[in-house]
2 protein chains.
Amino acid sequence: MPRHPRIPDAGVTRLSLYLRELSRLEGEGASFVSSAELARALTLTSAQVRRDLSYFGQFGTSGRGYEIRRLKRIIPRILGLEGRMWRVALVGSGNLGSALLAYRGFRERGFVIKAVFDKDPRKVGRVVAGQRVEEAGWLADVVRGRRIQIGIIAVPAVAAQEVCRRLVRGGVRAILNFAPVSLAAPPHVKLRNVDLSVELESLSYYLSSLNANR
Amino acid sequence: MPRHPRIPDAGVTRLSLYLRELSRLEGEGASFVSSAELARALTLTSAQVRRDLSYFGQFGTSGRGYEIRRLKRIIPRILGLEGRMWRVALVGSGNLGSALLAYRGFRERGFVIKAVFDKDPRKVGRVVAGQRVEEAGWLADVVRGRRIQIGIIAVPAVAAQEVCRRLVRGGVRAILNFAPVSLAAPPHVKLRNVDLSVELESLSYYLSSLNANR
DNA sequence: GCCAGGTTGTGAATTTTTTCACAAACTTAC
DNA sequence: GTAAGTTTGTGAAAAAATTCACAACCTGGC
Ligand SMILES: NC(=O)c1ccc[n+]([C@@H]2O[C@H](COP(=O)([O-])OP(=O)(O)OC[C@H]3O[C@@H](n4cnc5c(N)ncnc54)[C@H](O)[C@@H]3O)[C@@H](O)[C@H]2O)c1
Ligand SMILES: NC(=O)c1ccc[n+]([C@@H]2O[C@H](COP(=O)([O-])OP(=O)(O)OC[C@H]3O[C@@H](n4cnc5c(N)ncnc54)[C@H](O)[C@@H]3O)[C@@H](O)[C@H]2O)c1
């Protein structure tokens with residue numbers, strides 16, 4: 001199987017968005033979609049859509065656009081979602097962790113939570129959304145034992161680096177971090193941060209009347 | 001007061017990260033920080049740090065670096081966080097909405113939730129984290145009446161566009177959207193999306209062995 | 001006052017990402 | 001079969017973002 005070319009980071013994100021949009025279009029009964037339509041729905045340019053897809057092959061038909069069913073098979077393949085479930089560990093079953101755990105959308109997209117950890121003895125043993133919360137002490141061993149590949153960190157900032165270390169020790173190769181700290185991890189581990197305060201602050205920047213740009 | 005220059009979108013995000021990091025450094029007793037240190041902590045380059053800051057003025061001292069207390073006053077000013085609280089409406093008090101509502105971090109960063117809406121009669125009237133959940137029917141009027149500037153959408157995807165419309169009608173000028181749909185809003189409204197499935201899928205892309213790049 | 005060491009701010013160069021623009025390809029209608 | 005109308009895929013151009021690299025500057029020691 002061919003090695004994929006270098007696509008911009010933002011391009012990978014857009015592939016996911018195309019996939020989401022394709023499902024919606026299919027639900028509406030459409031069978032083909034043009035780059036222009038897709039672009040309009042996602043506020044991009046049609047050239048961008050075509051370029052993103054062209055990194056991976058030629059999937060369109062001149063004069064018709066892209067066959068939705070075809071793209072819906074191809075994009076998951078590109079994203080590494082085809083015919084598999086990624087095994088995920090969630091660390092921290094507090095407010096945010098519980099919301100993530102209850103969310104059914106992840107499974108539909110190919111991610112299944114195989115372990116939930118907390119260090120609070122009052123939470124350990126509880127069953128949340130069908131998952132038993134486990135003692136964080138054995139995190140690394142459990143993660144390794146269950147062949148978990150992705151970790152989600154939803155613990156307070158002070159604990160996040162230590163949790164990250166344990167996840168890495170357990171062998172995960174990717175981490176989604178919700179704690180507002182910058183984590184250090186070895187280069188073979190892909191880190192991704194979601195910081196909601198940062199998102200709001202960015203809105204603030206654009207709101208504040210001084211920055212009337214855009 | 002001078003109009004700010006055009007800084008890359010990612011640069012705005014980094015300003016928030018600098019601010020976060022500065023608080024940490026201050027907590028450790030530091031009083032100056034160099035661009036190289038800041039860069040190391042956030043896995044950026046020192047040139048990038050200097051460039052980002054230089055868009056807004058000259059805040060450093062050759063040979064010493066940046067005075068932490070000074071930067072901690074200046075960055076909030078740039079981000080529009082100085083001496084004010086942004087008034088926020090949260091729509092949807094389900095799993096995710098409740099987690100957001102309970103989060104104390106937003107207030108510390110200058111965002112205060114002034115209204116919470118839900119359309120489920122069983123949820124309306126409940127008090128979550130000190131906030132009474134209100135009937136979503138009057139959303140636009142309430143938002144306008146309380147002079148709310150930012151909306152957070154935490155409702156199911158199918159309801160998100162309608163909620164967006166109402167928020168806009170109520171006069172918000174920025175929206176943080178958690179629903180996995182692409183929203184349409186007038187150009188004066190700044191939209192920002194957080195799609196956690198997209199984040200996971202991006203991790204999947206980098207994990208999947210076909211993409212050994214990076 | 002001078003020197004050694006360290007760091008900024010920023011033009012210029014480079015790299016990355018996006019957009020333009022059009023030949024080639026396909027579709028539909030007649 | 002042909003013509004009119006679409007839309008792709010992609011070189012080439014443009015724009016945007018990042019990095020290089022260094023003069024200028026500041027500090028602290030002596
Ligand atoms: N709740 C939100 O909406 C929100 C918003 C933005 C950011 N965040 C961030 O997400 C993270 C979690 O937030 P939350 O609101 O769920 O906090 P929370 O306090 O409700 O939950 C944190 C959970 O982590 C557990 N924990 C602490 N240390 C641990 C460890 N070493 N190992 C395992 N578990 C441990 C705690 O027992 C608790 O159950 C925090 O870093 C927070 O800053 C949350
Ligand atoms: N929970 C998560 O971890 C998670 C993760 C990723 C994405 N999301 C997205 O975030 C959104 C919320 O997720 P959730 O898990 O909290 O869902 P949820 O079903 O727990 O909560 C949704 C809430 O919105 C309310 N609601 C529905 N229509 C409404 C309307 N028109 N006006 C006002 N309120 C309305 C419902 O009554 C409910 O209380 C969804 O779009 C979901 O896809 C959630």
# chains A, B, ... in the order shown; residues from 1 in each chain; ligands from 1

$ residues_around --residues "B:Ser197" --least-positions-apart "6" --cutoff "8 Å" --atoms "only C-alpha atoms (C1' of nucleotides)" --output "PyMOL selection string"
chain A and resi 105-106+109

$ interface_residues --of "chain A" --to "chain D" --cutoff "12 Å" --atoms "only C-alpha atoms (C1' of nucleotides)" --output "VMD selection string"
chain A and resid 32 to 37 46 to 66

$ residues_near_ligand --ligand "ligand 2" --cutoff "9 Å" --atoms "only C-alpha atoms (C1' of nucleotides) and all ligand atoms" --output "number ranges by chain"
A: 96-106; B: 91-99, 116-124, 135-137, 139, 153-163, 177-181, 194-197

$ interface_residues --of "chain B" --to "chain A" --cutoff "7 Å" --atoms "only C-alpha atoms" --output "PyMOL selection string"
chain B and resi 3-4+12-13+16+41-42+79-81+95-96+99+106+173-174+182+190+197-198+201-205+207-208+210-211

$ write_last_selection --atoms "C-alpha atoms" --output "compact mmCIF listing (two decimals), in the first residue's frame"
# COMPACT_ATOMS: atom_id res chain seq x y z
CA ARG B 3 -5.75 49.17 15.44
CA HIS B 4 -3.99 45.88 15.72
CA VAL B 12 -3.84 34.55 18.31
CA THR B 13 -4.11 31.06 19.71
CA SER B 16 -3.35 32.57 24.81
CA ALA B 41 7.81 24.94 26.95
CA LEU B 42 5.31 25.14 24.11
CA LEU B 79 -6.79 39.63 23.51
CA GLY B 80 -9.51 41.97 24.69
CA LEU B 81 -9.63 40.45 28.16
CA ASN B 95 -23.71 16.01 29.25
CA LEU B 96 -21.30 18.42 27.68
CA ALA B 99 -19.53 19.96 32.25
CA PHE B 106 -13.79 30.18 32.35
CA ARG B 173 -21.19 38.40 17.88
CA ALA B 174 -19.25 35.20 18.52
CA SER B 182 -21.02 23.36 9.85
CA LYS B 190 -17.23 35.03 14.48
CA SER B 197 -14.42 13.50 16.61
CA VAL B 198 -12.38 15.48 14.14
CA GLU B 201 -9.71 11.29 13.51
CA SER B 202 -6.72 13.46 13.00
CA LEU B 203 -4.87 11.39 15.59
CA SER B 204 -5.97 8.30 13.73
CA TYR B 205 -4.43 9.66 10.54
CA LEU B 207 -1.27 6.79 13.97
CA SER B 208 -2.16 4.73 11.02
CA LEU B 210 0.64 4.33 6.34
CA ASN B 211 1.44 7.83 7.39

$ atom_distance --atom1 "atom CA of B:Asp141" --atom2 "atom CA of B:Arg169"
8.4 Å

$ select_by_dssp --residues "stretch 61-202 of chain A" --states "alpha helix (DSSP H)" --output "VMD selection string"
chain A and resid 68 to 79 95 to 102 105 to 108 139 to 145 157 to 169 196 to 202

$ closest_atom_pairs --of "chain C" --to "chain A" --cutoff "10 Å" --atoms "only C-alpha atoms (C1' of nucleotides)" --output "CSV"
residue,atom,partner,partner_atom,distance
C:DT16,C1',A:Pro8,CA,8.1
C:DT17,C1',A:Pro8,CA,7.4
C:DT18,C1',A:Gln48,CA,7.3
C:DT19,C1',A:Ala47,CA,7.2
C:DC20,C1',A:Ala47,CA,9.0
C:DA24,C1',A:Ser62,CA,9.0
C:DA25,C1',A:Ser62,CA,5.6
C:DC26,C1',A:Ser62,CA,4.9
C:DT27,C1',A:Gly63,CA,6.1

$ write_last_selection --atoms "N, CA, C and O atoms (P, O5', C5', C4', C3', O3' and C1' of nucleotides)" --output "PDB file, in the first residue's frame"
ATOM      1  P    DT C  16       8.340  23.027   4.294  1.00  0.00           P
ATOM      2  O5'  DT C  16       6.916  23.736   4.332  1.00  0.00           O
ATOM      3  C5'  DT C  16       6.561  24.513   5.482  1.00  0.00           C
ATOM      4  C4'  DT C  16       5.194  25.090   5.239  1.00  0.00           C
ATOM      5  C3'  DT C  16       4.191  24.077   4.702  1.00  0.00           C
ATOM      6  O3'  DT C  16       3.098  24.152   5.592  1.00  0.00           O
ATOM      7  C1'  DT C  16       4.170  26.049   3.390  1.00  0.00           C
ATOM      8  P    DT C  17       1.807  23.231   5.458  1.00  0.00           P
ATOM      9  O5'  DT C  17       0.802  24.210   4.696  1.00  0.00           O
ATOM     10  C5'  DT C  17       0.462  25.450   5.297  1.00  0.00           C
ATOM     11  C4'  DT C  17      -0.417  26.213   4.337  1.00  0.00           C
ATOM     12  C3'  DT C  17      -1.547  25.377   3.744  1.00  0.00           C
ATOM     13  O3'  DT C  17      -2.744  25.978   4.188  1.00  0.00           O
ATOM     14  C1'  DT C  17      -0.442  26.675   2.066  1.00  0.00           C
ATOM     15  P    DT C  18      -4.182  25.603   3.603  1.00  0.00           P
ATOM     16  O5'  DT C  18      -4.327  26.701   2.450  1.00  0.00           O
ATOM     17  C5'  DT C  18      -4.199  28.073   2.775  1.00  0.00           C
ATOM     18  C4'  DT C  18      -4.392  28.903   1.524  1.00  0.00           C
ATOM     19  C3'  DT C  18      -5.692  28.614   0.778  1.00  0.00           C
ATOM     20  O3'  DT C  18      -6.360  29.859   0.652  1.00  0.00           O
ATOM     21  C1'  DT C  18      -3.839  28.613  -0.717  1.00  0.00           C
ATOM     22  P    DT C  19      -7.795  29.955  -0.036  1.00  0.00           P
ATOM     23  O5'  DT C  19      -7.383  30.395  -1.511  1.00  0.00           O
ATOM     24  C5'  DT C  19      -6.748  31.631  -1.711  1.00  0.00           C
ATOM     25  C4'  DT C  19      -6.386  31.762  -3.173  1.00  0.00           C
ATOM     26  C3'  DT C  19      -7.585  31.600  -4.120  1.00  0.00           C
ATOM     27  O3'  DT C  19      -7.687  32.839  -4.823  1.00  0.00           O
ATOM     28  C1'  DT C  19      -5.694  30.348  -4.862  1.00  0.00           C
ATOM     29  P    DC C  20      -8.807  33.021  -5.998  1.00  0.00           P
ATOM     30  O5'  DC C  20      -7.916  32.761  -7.303  1.00  0.00           O
ATOM     31  C5'  DC C  20      -6.624  33.329  -7.351  1.00  0.00           C
ATOM     32  C4'  DC C  20      -5.993  33.069  -8.702  1.00  0.00           C
ATOM     33  C3'  DC C  20      -6.942  33.127  -9.886  1.00  0.00           C
ATOM     34  O3'  DC C  20      -6.238  33.811 -10.900  1.00  0.00           O
ATOM     35  C1'  DC C  20      -5.859  31.030  -9.835  1.00  0.00           C
ATOM     36  P    DA C  24      -5.299  19.764 -23.546  1.00  0.00           P
ATOM     37  O5'  DA C  24      -6.132  18.833 -22.583  1.00  0.00           O
ATOM     38  C5'  DA C  24      -5.525  18.289 -21.410  1.00  0.00           C
ATOM     39  C4'  DA C  24      -6.548  17.435 -20.704  1.00  0.00           C
ATOM     40  C3'  DA C  24      -7.279  16.441 -21.613  1.00  0.00           C
ATOM     41  O3'  DA C  24      -7.269  15.191 -20.947  1.00  0.00           O
ATOM     42  C1'  DA C  24      -8.849  17.783 -20.449  1.00  0.00           C
ATOM     43  P    DA C  25      -8.018  13.944 -21.541  1.00  0.00           P
ATOM     44  O5'  DA C  25      -9.345  13.880 -20.675  1.00  0.00           O
ATOM     45  C5'  DA C  25      -9.265  13.897 -19.250  1.00  0.00           C
ATOM     46  C4'  DA C  25     -10.665  13.875 -18.703  1.00  0.00           C
ATOM     47  C3'  DA C  25     -11.575  12.854 -19.397  1.00  0.00           C
ATOM     48  O3'  DA C  25     -12.267  12.153 -18.398  1.00  0.00           O
ATOM     49  C1'  DA C  25     -12.583  14.972 -19.407  1.00  0.00           C
ATOM     50  P    DC C  26     -12.850  10.719 -18.761  1.00  0.00           P
ATOM     51  O5'  DC C  26     -14.414  11.000 -18.602  1.00  0.00           O
ATOM     52  C5'  DC C  26     -14.889  11.391 -17.316  1.00  0.00           C
ATOM     53  C4'  DC C  26     -16.169  12.168 -17.506  1.00  0.00           C
ATOM     54  C3'  DC C  26     -17.257  11.410 -18.263  1.00  0.00           C
ATOM     55  O3'  DC C  26     -18.210  10.934 -17.327  1.00  0.00           O
ATOM     56  C1'  DC C  26     -17.178  13.753 -18.783  1.00  0.00           C
ATOM     57  P    DT C  27     -19.657  10.487 -17.778  1.00  0.00           P
ATOM     58  O5'  DT C  27     -20.414  11.876 -17.903  1.00  0.00           O
ATOM     59  C5'  DT C  27     -20.740  12.632 -16.731  1.00  0.00           C
ATOM     60  C4'  DT C  27     -21.911  13.529 -17.061  1.00  0.00           C
ATOM     61  C3'  DT C  27     -23.122  12.763 -17.600  1.00  0.00           C
ATOM     62  O3'  DT C  27     -24.273  13.260 -16.932  1.00  0.00           O
ATOM     63  C1'  DT C  27     -22.449  14.443 -19.159  1.00  0.00           C
TER      64       DT C  27
END

$ select_by_dssp --residues "stretch 89-171 of chain B" --states "strand (DSSP E or B)" --output "number ranges by chain"
B: 89-91, 111-118, 127-128, 131-135, 150-153

$ closest_residue --among "B:Val133, B:Val127, B:Ile148, B:Leu90" --to "ligand 1" --atoms "only C-alpha atoms and all ligand atoms"
B:Leu90
